file work.txt (compact mmCIF, C-alpha atoms)
# COMPACT_ATOMS: atom_id res chain seq x y z
CA MET A 101 5.80 -15.20 36.97
CA THR A 102 2.87 -12.89 37.09
CA ALA A 103 5.03 -10.09 35.69
CA THR A 104 5.28 -11.82 32.32
CA ALA A 105 1.58 -12.59 32.25
CA SER A 106 0.65 -8.99 32.99
CA ALA A 107 3.32 -7.67 30.62
CA GLU A 108 1.22 -9.00 27.77
CA ARG A 109 -1.71 -6.85 28.78
CA ARG A 110 -0.13 -3.57 27.81
CA LEU A 111 -1.27 -0.83 25.52
CA ASN A 112 1.13 0.26 22.84
CA VAL A 113 1.04 4.04 23.07
CA THR A 114 2.41 6.76 20.86
CA VAL A 115 2.01 10.48 21.44
CA ILE A 116 2.84 12.49 18.35
CA SER A 117 3.03 16.19 17.59
CA PRO A 118 3.63 17.61 14.09
CA SER A 119 7.34 18.04 14.74
CA ALA A 120 8.21 14.90 16.68
CA ALA A 121 7.02 11.84 18.57
CA ALA A 122 6.79 12.85 22.23
CA PHE A 123 6.27 9.40 23.68
CA SER A 124 6.29 5.86 22.45
CA GLY A 125 6.06 2.78 24.59
CA ALA A 126 3.98 0.38 26.64
CA ALA A 127 1.41 1.53 29.17
CA THR A 128 -1.07 -0.05 31.53
CA SER A 129 -3.62 2.71 31.25
CA ILE A 130 -4.24 6.16 29.85
CA ILE A 131 -6.40 9.01 30.98
CA ALA A 132 -7.00 11.43 28.17
CA PRO A 133 -8.76 14.80 28.09
CA ALA A 134 -11.58 14.11 25.63
CA HIS A 135 -13.63 16.99 24.24
CA ASP A 136 -16.38 16.44 26.79
CA GLY A 137 -14.51 15.17 29.82
CA GLU A 138 -11.84 12.72 30.85
CA LEU A 139 -11.57 9.36 29.21
CA GLY A 140 -9.83 6.29 30.59
CA ILE A 141 -8.49 3.54 28.38
CA LEU A 142 -7.40 0.08 29.48
CA TYR A 143 -6.22 -3.01 27.68
CA GLY A 144 -8.89 -4.50 25.44
CA HIS A 145 -10.67 -1.26 24.60
CA ALA A 146 -12.91 -1.26 21.53
CA PRO A 147 -11.68 0.57 18.41
CA MET A 148 -12.37 4.25 18.86
CA VAL A 149 -11.60 7.66 17.48
CA VAL A 150 -12.23 10.54 19.80
CA LEU A 151 -11.76 14.27 19.61
CA LEU A 152 -9.58 15.64 22.38
CA GLY A 153 -10.00 18.90 24.22
CA GLU A 154 -7.30 20.84 25.97
CA GLY A 155 -5.81 19.32 29.07
CA LEU A 156 -3.61 16.78 30.73
CA LEU A 157 -2.88 13.43 29.17
CA ARG A 158 -1.79 10.89 31.77
CA ILE A 159 -0.07 7.68 30.80
CA ARG A 160 0.66 5.03 33.40
CA THR A 161 3.70 3.00 32.46
CA ASP A 162 5.74 0.38 34.30
CA ASP A 163 8.37 3.06 34.90
CA GLY A 164 5.93 5.46 36.49
CA PRO A 165 3.47 8.02 35.19
CA ARG A 166 4.04 10.34 32.25
CA ARG A 167 2.10 13.51 31.73
CA PHE A 168 1.64 15.72 28.72
CA ARG A 169 -0.31 18.87 28.15
CA VAL A 170 -2.13 18.46 24.85
CA ALA A 171 -4.36 20.68 22.74
CA ARG A 172 -6.18 20.32 19.44
CA GLY A 173 -5.79 16.62 19.03
CA PHE A 174 -7.27 13.19 18.49
CA LEU A 175 -6.96 9.80 20.01
CA GLN A 176 -7.32 6.56 18.14
CA VAL A 177 -7.56 3.11 19.68
CA LEU A 178 -7.19 0.03 17.52
CA ASP A 179 -5.99 -3.44 18.57
CA ASN A 180 -4.59 -2.12 21.85
CA THR A 181 -2.56 0.45 19.99
CA VAL A 182 -3.29 3.96 21.10
CA ALA A 183 -2.21 6.87 18.96
CA VAL A 184 -2.55 10.37 20.35
CA LEU A 185 -2.12 13.09 17.76
CA ALA A 186 -2.12 16.69 18.85
CA GLU A 187 -1.06 19.98 17.35
CA GLU A 188 0.41 20.91 20.70
CA VAL A 189 2.14 18.44 22.97
CA GLU A 190 4.21 19.52 25.93
CA PRO A 191 5.62 17.43 28.72
CA ALA A 192 4.03 18.38 32.04
CA ALA A 193 5.55 18.08 35.50
CA GLU A 194 5.28 14.56 36.90
CA ASN A 195 3.63 14.45 40.29
CA MET B 130 59.33 36.35 -15.69
CA SER B 131 55.84 37.70 -15.09
CA LYS B 132 54.12 34.59 -16.45
CA SER B 133 54.79 32.44 -13.40
CA ARG B 134 53.73 35.29 -11.14
CA ASP B 135 50.42 35.64 -13.00
CA ILE B 136 49.77 31.97 -12.57
CA TYR B 137 50.69 32.20 -8.91
CA ARG B 138 48.17 35.00 -8.43
CA ARG B 139 45.43 32.89 -10.03
CA MET B 140 46.33 29.98 -7.80
CA LYS B 141 45.88 32.21 -4.76
CA SER B 142 42.49 33.36 -6.03
CA VAL B 143 41.24 29.85 -6.76
CA ASP B 144 42.51 28.70 -3.40
CA SER B 145 40.58 31.35 -1.48
CA THR B 146 37.42 30.56 -3.46
CA LYS B 147 37.94 26.94 -2.55
CA LYS B 148 38.12 27.86 1.12
CA ILE B 149 34.72 29.54 0.84
CA THR B 150 33.03 26.70 -1.03
CA ARG B 151 34.50 24.14 1.35
CA THR B 152 33.21 26.04 4.36
CA MET B 153 29.78 26.38 2.79
CA GLU B 154 29.79 22.69 2.05
CA MET B 155 30.48 21.88 5.69
CA VAL B 156 27.86 24.33 6.94
CA ALA B 157 25.29 22.85 4.55
CA THR B 158 26.20 19.34 5.70
CA ALA B 159 25.56 20.27 9.31
CA LYS B 160 22.29 22.03 8.50
CA LEU B 161 21.22 19.17 6.29
CA ALA B 162 21.62 16.70 9.13
CA GLN B 163 19.32 18.81 11.32
CA ALA B 164 16.78 19.44 8.58
CA GLN B 165 16.71 15.78 7.67
CA GLY B 166 16.09 14.86 11.29
CA ARG B 167 13.13 17.24 11.32
CA VAL B 168 11.67 15.70 8.18
CA ILE B 169 11.99 12.21 9.63
CA ARG B 170 10.55 13.15 13.03
CA ALA B 171 7.57 14.79 11.34
CA ARG B 172 6.68 11.70 9.32
CA PRO B 173 4.80 9.64 11.95
CA TYR B 174 2.31 12.47 12.51
CA SER B 175 1.56 12.84 8.80
CA ALA B 176 1.23 9.10 8.38
CA GLU B 177 -1.08 8.77 11.37
CA LEU B 178 -3.29 11.67 10.26
CA MET B 179 -3.55 10.24 6.77
CA ASP B 180 -4.42 6.87 8.25
CA MET B 181 -7.21 8.27 10.41
CA ILE B 182 -8.74 10.28 7.59
CA ALA B 183 -8.58 7.34 5.22
CA ARG B 184 -10.44 5.22 7.76
CA LEU B 185 -13.10 7.82 8.45
CA ALA B 186 -13.81 9.45 5.10
CA THR B 187 -16.49 7.72 3.08
CA PRO B 188 -17.59 8.83 -0.39
CA ASP B 189 -20.95 10.20 0.79
CA LEU B 190 -19.28 12.12 3.58
CA ALA B 191 -17.00 13.69 1.02
CA GLU B 192 -20.03 15.33 -0.54
CA SER B 193 -20.85 17.22 2.62
CA ARG B 194 -17.39 18.25 3.83
CA PRO B 195 -16.26 21.48 2.14
CA LEU B 196 -12.57 20.58 2.32
CA LEU B 197 -13.24 17.32 0.49
CA ARG B 198 -15.32 18.96 -2.24
CA GLN B 199 -14.06 17.75 -5.61
CA PRO B 200 -14.92 20.39 -8.21
CA ALA B 201 -15.90 18.98 -11.60
CA ARG B 202 -13.89 21.69 -13.31
CA ILE B 203 -11.12 23.87 -12.00
CA GLU B 204 -12.14 27.45 -12.71
CA ARG B 205 -10.02 29.28 -10.18
CA ALA B 206 -6.83 27.85 -8.78
CA ALA B 207 -3.92 28.96 -6.64
CA VAL B 208 -0.37 27.81 -7.22
CA VAL B 209 2.02 28.27 -4.33
CA LEU B 210 5.71 28.09 -5.11
CA VAL B 211 8.23 27.61 -2.33
CA THR B 212 11.82 28.59 -3.14
CA SER B 213 14.83 29.42 -1.02
CA ASN B 214 15.91 32.86 0.12
CA ARG B 215 19.55 32.28 -0.73
CA GLY B 216 21.37 31.06 -3.79
CA LEU B 217 24.51 28.99 -4.33
CA CYS B 218 22.52 25.80 -4.31
CA GLY B 219 22.90 24.67 -7.91
CA ALA B 220 19.79 24.17 -9.98
CA PHE B 221 17.55 23.89 -6.89
CA ASN B 222 15.54 27.07 -7.46
CA ALA B 223 15.68 26.84 -11.25
CA ASN B 224 14.08 23.40 -11.09
CA LEU B 225 11.33 24.61 -8.76
CA ILE B 226 10.65 27.63 -10.95
CA ARG B 227 10.44 25.49 -14.08
CA THR B 228 7.98 23.13 -12.38
CA ALA B 229 5.86 26.08 -11.25
CA GLN B 230 5.80 27.52 -14.76
CA ALA B 231 4.68 24.17 -16.12
CA GLN B 232 1.87 24.12 -13.53
CA LEU B 233 0.80 27.64 -14.44
CA ALA B 234 0.80 26.81 -18.14
CA GLU B 235 -1.14 23.61 -17.58
CA LEU B 236 -3.86 25.30 -15.53
CA ASP B 237 -3.97 28.20 -17.96
CA GLU B 238 -4.49 25.83 -20.85
CA ALA B 239 -7.33 24.14 -18.99
CA GLY B 240 -9.00 27.54 -18.86
CA ALA B 241 -8.54 28.18 -15.16
CA ARG B 242 -7.90 31.60 -13.66
CA VAL B 243 -4.73 31.13 -11.70
CA GLU B 244 -3.35 33.18 -8.88
CA PHE B 245 0.28 32.77 -8.10
CA HIS B 246 1.82 32.85 -4.63
CA VAL B 247 5.58 32.86 -4.26
CA TYR B 248 7.65 32.22 -1.15
CA GLY B 249 11.39 32.84 -1.00
CA ASN B 250 13.56 35.58 -2.51
CA LYS B 251 14.82 33.51 -5.41
CA GLY B 252 11.39 32.83 -6.85
CA ILE B 253 10.15 36.34 -6.13
CA SER B 254 13.01 38.07 -7.92
CA TYR B 255 12.82 35.70 -10.89
CA PHE B 256 9.13 36.34 -11.52
CA ARG B 257 9.30 40.02 -10.65
CA PHE B 258 12.04 40.51 -13.25
CA ARG B 259 9.86 38.82 -15.85
CA GLY B 260 6.84 40.87 -14.94
CA VAL B 261 4.74 37.88 -13.88
CA GLU B 262 1.84 38.91 -11.70
CA MET B 263 2.06 37.48 -8.20
CA ALA B 264 -0.92 37.57 -5.86
CA HIS B 265 1.16 37.19 -2.75
CA THR B 266 4.86 37.10 -1.93
CA ARG B 267 6.72 36.37 1.27
CA ASN B 268 10.34 35.83 2.14
CA ASP B 269 10.17 35.39 5.90
CA LEU B 270 9.59 31.68 6.28
CA GLY B 271 11.31 30.49 9.42
CA ASP B 272 14.43 28.38 9.44
CA PRO B 273 13.35 25.80 10.46
CA PRO B 274 9.78 26.34 9.22
CA THR B 275 7.11 26.00 11.90
CA THR B 276 3.49 24.91 11.87
CA ASP B 277 2.66 28.60 12.30
CA ASP B 278 4.41 29.32 9.01
CA ALA B 279 2.36 26.58 7.39
CA ARG B 280 -0.84 28.00 8.85
CA ALA B 281 0.02 31.50 7.65
CA LEU B 282 0.50 30.08 4.18
CA ILE B 283 -2.57 27.89 3.89
CA ASP B 284 -5.28 29.16 6.26
CA ASP B 285 -6.41 32.00 4.04
CA LEU B 286 -6.38 29.82 0.93
CA ALA B 287 -8.29 27.08 2.74
CA ALA B 288 -10.93 29.56 3.87
CA ARG B 289 -11.36 30.74 0.31
CA PHE B 290 -11.54 27.17 -0.93
CA VAL B 291 -14.32 26.47 1.56
CA ALA B 292 -16.10 29.63 0.44
CA GLY B 293 -15.94 28.37 -3.14
CA GLU B 294 -13.63 31.11 -4.40
CA LEU B 295 -10.95 28.58 -5.28
CA ASP B 296 -11.29 25.13 -6.79
CA ALA B 297 -7.76 23.89 -6.24
CA VAL B 298 -4.64 24.79 -4.31
CA ARG B 299 -1.38 23.30 -5.49
CA LEU B 300 1.97 23.53 -3.82
CA VAL B 301 5.22 23.43 -5.79
CA PHE B 302 8.00 22.32 -3.47
CA ALA B 303 11.09 20.14 -3.34
CA GLU B 304 10.43 16.62 -2.17
CA PHE B 305 13.10 15.27 0.11
CA ARG B 306 13.50 11.60 -0.76
CA ASN B 307 17.04 11.27 0.46
CA MET B 308 20.33 13.17 0.52
CA VAL B 309 20.85 13.00 -3.23
CA SER B 310 17.32 12.83 -4.62
CA THR B 311 15.29 15.97 -4.05
CA PRO B 312 13.08 16.36 -7.12
CA PRO B 313 10.73 19.32 -7.53
CA SER B 314 7.15 18.13 -6.97
CA VAL B 315 3.59 19.33 -7.06
CA ARG B 316 1.25 18.55 -4.19
CA GLN B 317 -2.44 19.19 -4.44
CA VAL B 318 -3.23 20.39 -0.94
CA LEU B 319 -6.86 21.22 -1.67
CA PRO B 320 -9.20 19.57 -2.26
CA VAL B 321 -7.95 16.89 0.12
CA GLY B 322 -7.54 13.68 -1.84
CA VAL B 323 -8.53 10.63 0.14
CA GLY B 324 -9.63 8.38 -2.68
CA GLU B 325 -6.30 6.69 -3.22
CA ALA B 326 -5.68 6.23 0.49
CA ARG B 327 -8.88 4.27 1.22
CA LYS B 328 -8.44 1.40 3.62
CA GLY B 329 -9.95 -2.04 3.28
CA PRO B 330 -12.71 -3.20 5.60
CA GLN B 331 -13.37 -0.62 8.29
CA PRO B 332 -13.08 -1.76 11.87
CA PHE B 333 -16.11 -0.92 13.90
CA TYR B 334 -15.15 2.36 15.51
CA ILE B 335 -16.69 4.18 18.39
CA LEU B 336 -16.71 7.77 17.20
CA ASP B 337 -16.97 10.54 19.69
CA PRO B 338 -18.47 13.09 19.08
CA SER B 339 -19.67 12.20 15.55
CA GLU B 340 -17.91 11.19 12.38
CA GLU B 341 -18.74 14.55 10.82
CA GLU B 342 -17.44 16.56 13.74
CA ILE B 343 -14.23 14.58 13.96
CA LEU B 344 -13.60 15.05 10.25
CA ASP B 345 -14.30 18.75 10.56
CA HIS B 346 -11.47 18.99 13.08
CA LEU B 347 -9.22 16.45 11.42
CA LEU B 348 -9.26 17.81 7.87
CA PRO B 349 -7.90 21.29 8.66
CA LEU B 350 -5.10 19.65 10.65
CA TYR B 351 -4.35 17.48 7.67
CA VAL B 352 -4.27 20.44 5.29
CA THR B 353 -1.94 22.34 7.61
CA ASN B 354 0.23 19.32 8.07
CA SER B 355 0.66 18.56 4.39
CA THR B 356 1.75 22.19 3.95
CA TYR B 357 4.07 21.95 6.93
CA SER B 358 5.73 18.79 5.69
CA ALA B 359 6.22 20.36 2.25
CA LEU B 360 7.97 23.31 3.89
CA LEU B 361 10.17 21.03 5.97
CA GLU B 362 11.11 18.93 2.98
CA THR B 363 11.93 21.98 0.88
CA ALA B 364 14.17 23.32 3.64
CA ALA B 365 16.02 20.00 3.83
CA ALA B 366 16.23 19.72 0.05
CA GLU B 367 17.74 23.19 -0.17
CA GLN B 368 20.57 22.20 2.15
CA ALA B 369 21.09 18.97 0.24
CA ALA B 370 21.26 20.87 -3.04
CA ARG B 371 23.65 23.41 -1.56
CA ARG B 372 25.90 20.73 -0.20
CA THR B 373 26.06 18.98 -3.57
CA ALA B 374 26.69 22.25 -5.40
CA MET B 375 29.41 23.32 -3.00
CA LYS B 376 31.03 19.92 -3.06
CA SER B 377 31.32 19.95 -6.82
CA ALA B 378 32.59 23.55 -6.69
CA THR B 379 35.28 22.47 -4.25
CA ASP B 380 36.20 19.44 -6.36
CA ASN B 381 36.35 21.66 -9.39
CA ALA B 382 38.61 24.13 -7.61
CA ASN B 383 40.93 21.26 -6.67
CA ASP B 384 41.18 20.08 -10.27
CA PHE B 385 41.77 23.61 -11.39
CA LEU B 386 44.48 24.11 -8.78
CA ASP B 387 46.26 20.91 -9.87
CA ASN B 388 46.34 22.15 -13.44
CA LEU B 389 47.54 25.59 -12.45
CA ARG B 390 50.24 24.15 -10.22
CA ARG B 391 51.53 22.02 -13.09
CA THR B 392 51.60 24.99 -15.45
CA TYR B 393 53.20 27.10 -12.76
CA ASN B 394 56.02 24.61 -12.14
CA ARG B 395 56.66 24.28 -15.83
CA ALA B 396 56.82 28.05 -16.27
CA ARG B 397 59.10 28.39 -13.27
CA GLN B 398 61.47 25.72 -14.60
CA ALA B 399 61.49 27.33 -18.01
CA GLU B 400 62.40 30.63 -16.41
CA ILE B 401 65.23 29.10 -14.40
CA THR B 402 66.56 27.29 -17.46
CA ASN B 403 66.40 30.54 -19.31
CA GLN B 404 68.27 32.39 -16.59
CA ILE B 405 71.01 29.72 -16.40
CA ALA B 406 71.39 29.87 -20.18
CA GLU B 407 71.75 33.64 -19.94
CA ILE B 408 74.34 33.44 -17.16
CA ILE B 409 76.36 30.82 -19.02
CA GLY B 410 76.05 32.85 -22.17
CA GLY B 411 77.28 35.94 -20.29
CA ALA B 412 80.19 34.05 -18.72
CA ASP B 413 81.16 32.62 -22.10
CA ALA B 414 81.15 36.11 -23.56
CA LEU B 415 83.47 37.40 -20.77
CA ASP B 416 85.88 34.46 -21.17
CA GLY B 417 85.99 34.84 -24.88

call {"tool": "encode", "arguments": {"input": "work.txt", "output": "structure tokens"}}
result
Amino acid sequence: MTATASAERRLNVTVISPSAAAFSGAATSIIAPAHDGELGILYGHAPMVVLLGEGLLRIRTDDGPRRFRVARGFLQVLDNTVAVLAEEVEPAAEN
Amino acid sequence: MSKSRDIYRRMKSVDSTKKITRTMEMVATAKLAQAQGRVIRARPYSAELMDMIARLATPDLAESRPLLRQPARIERAAVVLVTSNRGLCGAFNANLIRTAQAQLAELDEAGARVEFHVYGNKGISYFRFRGVEMAHTRNDLGDPPTTDDARALIDDLAARFVAGELDAVRLVFAEFRNMVSTPPSVRQVLPVGVGEARKGPQPFYILDPSEEEILDHLLPLYVTNSTYSALLETAAAEQAARRTAMKSATDNANDFLDNLRRTYNRARQAEITNQIAEIIGGADALDG
């Protein structure tokens, strides 16, 4: 089925704050608030480290979107693994 | 006749002490479970930060970043000791204090001017009683400690390190390895040591904005975080130490009670035997 084929093209995402991991799982895409504007990441992205600004982090998963308000953080992409580290991570309303 | 009553009174006293130590043991067990959870949940962040810095920091960059500056000689250093506010936790604070004293002596011997910061009532009262000069004392660390606590502790020291007023900042805290192993440890928070954490071949990274700017934001987070994790671990270690201490106090009270009960029964029997002998003796005297 196509579901299994597309299931392989997932990003492995973790969102971590100093006190706990806020999210960990597979995602199809991420839109992150980089320091100079929004940044979208899809499967197959080149390795990257980027400074984040303050704003909304949107993660699109198979179970629907997840949103977090983040501040003072970083995002690292390596081998389709995305790690978002931020001093402040708060779940934001999903809509 | 008073002997058995004396023993009985001691049994009562030991028993009520046992109730207290048992309760404290259970409270510490509950708090330990929470504190341990916090330590474990905080680990991924530390690991990930360390990983990113290790990938980014190169030896020539280290020259230009003030937080990575490796002084050739330590002339001025700060030692920060974290102890608990409350006692009844066995040798927990004594071990930390001994480790801190060893650090102070070591730096002193190397010819460094050392300023001493102490957190927690136990450490403060120990060093105050001995007339040791302390640059800064605080006893209002949160339970659980927060990143704000960590920032309050380290920000000022970090600023002075960057300004060149300090050459090293070391933290004496209790490392939380597991429930039973919580050794006192020393962590050099500043300068940030990345040498041992270097990764192998670097993947080709897109860096946005620049490597320097990312490091400038990343390093302070790392410094705060290594302080934060030390505070969390110390808080967990304190509960572990208290639980162990209270458990052995309870066990000890049980042993003690067993012994007392045996002595008490023996004394009681001796008294009864004595009384019977007296009654028989009295009856014999009447008959005769």

call {"tool": "closest_residue", "arguments": {"input": "work.txt", "among": "B:Thr311, B:Pro173, B:Val208, B:Lys147", "to": "Phe123 in chain A", "atoms": "all atoms listed in the file"}}
result
B:Pro173

call {"tool": "interface_residues", "arguments": {"input": "work.txt", "of": "chain A", "to": "chain B", "cutoff": "10 Å", "atoms": "only C-alpha atoms", "output": "PyMOL selection string"}}
result
chain A and resi 114-122+134-136+146-152+172-179+183-187

call {"tool": "residues_around", "arguments": {"input": "work.txt", "residues": "Asn388 in chain B", "least_positions_apart": "3", "cutoff": "12 Å", "atoms": "all atoms listed in the file", "output": "PyMOL selection string"}}
result
chain B and resi 136-137+139-140+143+381-385+391-395

call {"tool": "closest_residue", "arguments": {"input": "work.txt", "among": "B:Ile409, B:Ala223, B:Leu233, B:Ala239", "to": "Glu204 in chain B", "atoms": "all atoms listed in the file"}}
result
B:Ala239

call {"tool": "closest_residue", "arguments": {"input": "work.txt", "among": "B:Ala370, B:Ala378, B:Ala234, B:Leu197", "to": "Val318 in chain B", "atoms": "all atoms listed in the file"}}
result
B:Leu197

call {"tool": "atom_distance", "arguments": {"input": "work.txt", "atom1": "CA of Arg109 in chain A", "atom2": "CA of Ser129 in chain A"}}
result
10.1 Å

call {"tool": "atom_distance", "arguments": {"input": "work.txt", "atom1": "CA of Gly322 in chain B", "atom2": "CA of Thr363 in chain B"}}
result
21.3 Å

call {"tool": "closest_residue", "arguments": {"input": "work.txt", "among": "B:Ser133, B:Ile401, B:Gly411, B:Leu348", "to": "Arg198 in chain B", "atoms": "all atoms listed in the file"}}
result
B:Leu348

call {"tool": "residues_near_point", "arguments": {"input": "work.txt", "point": "(9.8, 38.1, 0.6)", "cutoff": "8 Å", "atoms": "all atoms listed in the file", "output": "list in words"}}
result
Tyr248, Gly249, Asn250, Ile253, Thr266, Arg267, Asn268 and Asp269 of chain B

call {"tool": "atom_distance", "arguments": {"input": "work.txt", "atom1": "CA of Gly219 in chain B", "atom2": "CA of Ser377 in chain B"}}
result
9.7 Å

call {"tool": "residues_around", "arguments": {"input": "work.txt", "residues": "Arg110 in chain A", "least_positions_apart": "5", "cutoff": "12 Å", "atoms": "only C-alpha atoms", "output": "PyMOL selection string"}}
result
chain A and resi 103-105+125-130+141-145+159-162+179-182

call {"tool": "write_last_selection", "arguments": {"input": "work.txt", "atoms": "C-alpha atoms", "output": "PDB file, in the frame of the given file"}}
result
ATOM      1  CA  ALA A 103       5.030 -10.090  35.690  1.00  0.00           C
ATOM      2  CA  THR A 104       5.280 -11.820  32.320  1.00  0.00           C
ATOM      3  CA  ALA A 105       1.580 -12.590  32.250  1.00  0.00           C
ATOM      4  CA  GLY A 125       6.060   2.780  24.590  1.00  0.00           C
ATOM      5  CA  ALA A 126       3.980   0.380  26.640  1.00  0.00           C
ATOM      6  CA  ALA A 127       1.410   1.530  29.170  1.00  0.00           C
ATOM      7  CA  THR A 128      -1.070  -0.050  31.530  1.00  0.00           C
ATOM      8  CA  SER A 129      -3.620   2.710  31.250  1.00  0.00           C
ATOM      9  CA  ILE A 130      -4.240   6.160  29.850  1.00  0.00           C
ATOM     10  CA  ILE A 141      -8.490   3.540  28.380  1.00  0.00           C
ATOM     11  CA  LEU A 142      -7.400   0.080  29.480  1.00  0.00           C
ATOM     12  CA  TYR A 143      -6.220  -3.010  27.680  1.00  0.00           C
ATOM     13  CA  GLY A 144      -8.890  -4.500  25.440  1.00  0.00           C
ATOM     14  CA  HIS A 145     -10.670  -1.260  24.600  1.00  0.00           C
ATOM     15  CA  ILE A 159      -0.070   7.680  30.800  1.00  0.00           C
ATOM     16  CA  ARG A 160       0.660   5.030  33.400  1.00  0.00           C
ATOM     17  CA  THR A 161       3.700   3.000  32.460  1.00  0.00           C
ATOM     18  CA  ASP A 162       5.740   0.380  34.300  1.00  0.00           C
ATOM     19  CA  ASP A 179      -5.990  -3.440  18.570  1.00  0.00           C
ATOM     20  CA  ASN A 180      -4.590  -2.120  21.850  1.00  0.00           C
ATOM     21  CA  THR A 181      -2.560   0.450  19.990  1.00  0.00           C
ATOM     22  CA  VAL A 182      -3.290   3.960  21.100  1.00  0.00           C
TER      23      VAL A 182
END

call {"tool": "closest_residue", "arguments": {"input": "work.txt", "among": "B:Glu367, B:Asp345, B:Asp180, B:Asp296", "to": "Pro200 in chain B", "atoms": "only C-alpha atoms"}}
result
B:Asp296

call {"tool": "decode", "arguments": {"input": "work.txt", "residues": "range 222-227 of chain B", "atoms": "all heavy atoms", "output": "PDB file, in the first residue's frame"}}
result
ATOM      1  N   ASN B 222      25.656  15.708  53.599  1.00  0.00           N
ATOM      2  CA  ASN B 222      26.278  17.038  53.623  1.00  0.00           C
ATOM      3  C   ASN B 222      27.742  16.986  54.019  1.00  0.00           C
ATOM      4  O   ASN B 222      28.566  17.728  53.480  1.00  0.00           O
ATOM      5  CB  ASN B 222      25.492  17.962  54.557  1.00  0.00           C
ATOM      6  CG  ASN B 222      24.146  18.337  53.959  1.00  0.00           C
ATOM      7  OD1 ASN B 222      24.083  18.856  52.856  1.00  0.00           O
ATOM      8  ND2 ASN B 222      23.080  18.038  54.669  1.00  0.00           N
ATOM      9  N   ALA B 223      28.055  16.083  54.961  1.00  0.00           N
ATOM     10  CA  ALA B 223      29.454  15.949  55.398  1.00  0.00           C
ATOM     11  C   ALA B 223      30.347  15.593  54.218  1.00  0.00           C
ATOM     12  O   ALA B 223      31.439  16.145  54.055  1.00  0.00           O
ATOM     13  CB  ALA B 223      29.551  14.896  56.495  1.00  0.00           C
ATOM     14  N   ASN B 224      29.868  14.683  53.365  1.00  0.00           N
ATOM     15  CA  ASN B 224      30.659  14.291  52.192  1.00  0.00           C
ATOM     16  C   ASN B 224      30.867  15.467  51.246  1.00  0.00           C
ATOM     17  O   ASN B 224      31.965  15.669  50.716  1.00  0.00           O
ATOM     18  CB  ASN B 224      29.952  13.162  51.429  1.00  0.00           C
ATOM     19  CG  ASN B 224      30.054  11.845  52.162  1.00  0.00           C
ATOM     20  OD1 ASN B 224      30.934  11.671  53.003  1.00  0.00           O
ATOM     21  ND2 ASN B 224      29.156  10.938  51.856  1.00  0.00           N
ATOM     22  N   LEU B 225      29.792  16.229  51.017  1.00  0.00           N
ATOM     23  CA  LEU B 225      29.891  17.381  50.119  1.00  0.00           C
ATOM     24  C   LEU B 225      30.875  18.408  50.676  1.00  0.00           C
ATOM     25  O   LEU B 225      31.713  18.957  49.955  1.00  0.00           O
ATOM     26  CB  LEU B 225      28.519  18.019  49.922  1.00  0.00           C
ATOM     27  CG  LEU B 225      27.537  17.241  49.054  1.00  0.00           C
ATOM     28  CD1 LEU B 225      26.151  17.839  49.150  1.00  0.00           C
ATOM     29  CD2 LEU B 225      28.011  17.239  47.607  1.00  0.00           C
ATOM     30  N   ILE B 226      30.772  18.645  51.989  1.00  0.00           N
ATOM     31  CA  ILE B 226      31.626  19.642  52.619  1.00  0.00           C
ATOM     32  C   ILE B 226      33.087  19.214  52.527  1.00  0.00           C
ATOM     33  O   ILE B 226      33.965  20.023  52.213  1.00  0.00           O
ATOM     34  CB  ILE B 226      31.189  19.853  54.098  1.00  0.00           C
ATOM     35  CG1 ILE B 226      29.880  20.653  54.128  1.00  0.00           C
ATOM     36  CG2 ILE B 226      32.281  20.548  54.902  1.00  0.00           C
ATOM     37  CD1 ILE B 226      29.205  20.683  55.472  1.00  0.00           C
ATOM     38  N   ARG B 227      33.331  17.924  52.748  1.00  0.00           N
ATOM     39  CA  ARG B 227      34.712  17.428  52.675  1.00  0.00           C
ATOM     40  C   ARG B 227      35.267  17.615  51.252  1.00  0.00           C
ATOM     41  O   ARG B 227      36.401  18.042  51.061  1.00  0.00           O
ATOM     42  CB  ARG B 227      34.774  15.963  53.093  1.00  0.00           C
ATOM     43  CG  ARG B 227      36.165  15.568  53.507  1.00  0.00           C
ATOM     44  CD  ARG B 227      36.244  14.173  54.120  1.00  0.00           C
ATOM     45  NE  ARG B 227      35.098  13.792  54.919  1.00  0.00           N
ATOM     46  CZ  ARG B 227      34.283  12.790  54.604  1.00  0.00           C
ATOM     47  NH1 ARG B 227      34.470  12.094  53.501  1.00  0.00           N
ATOM     48  NH2 ARG B 227      33.278  12.481  55.391  1.00  0.00           N
TER      49      ARG B 227
END
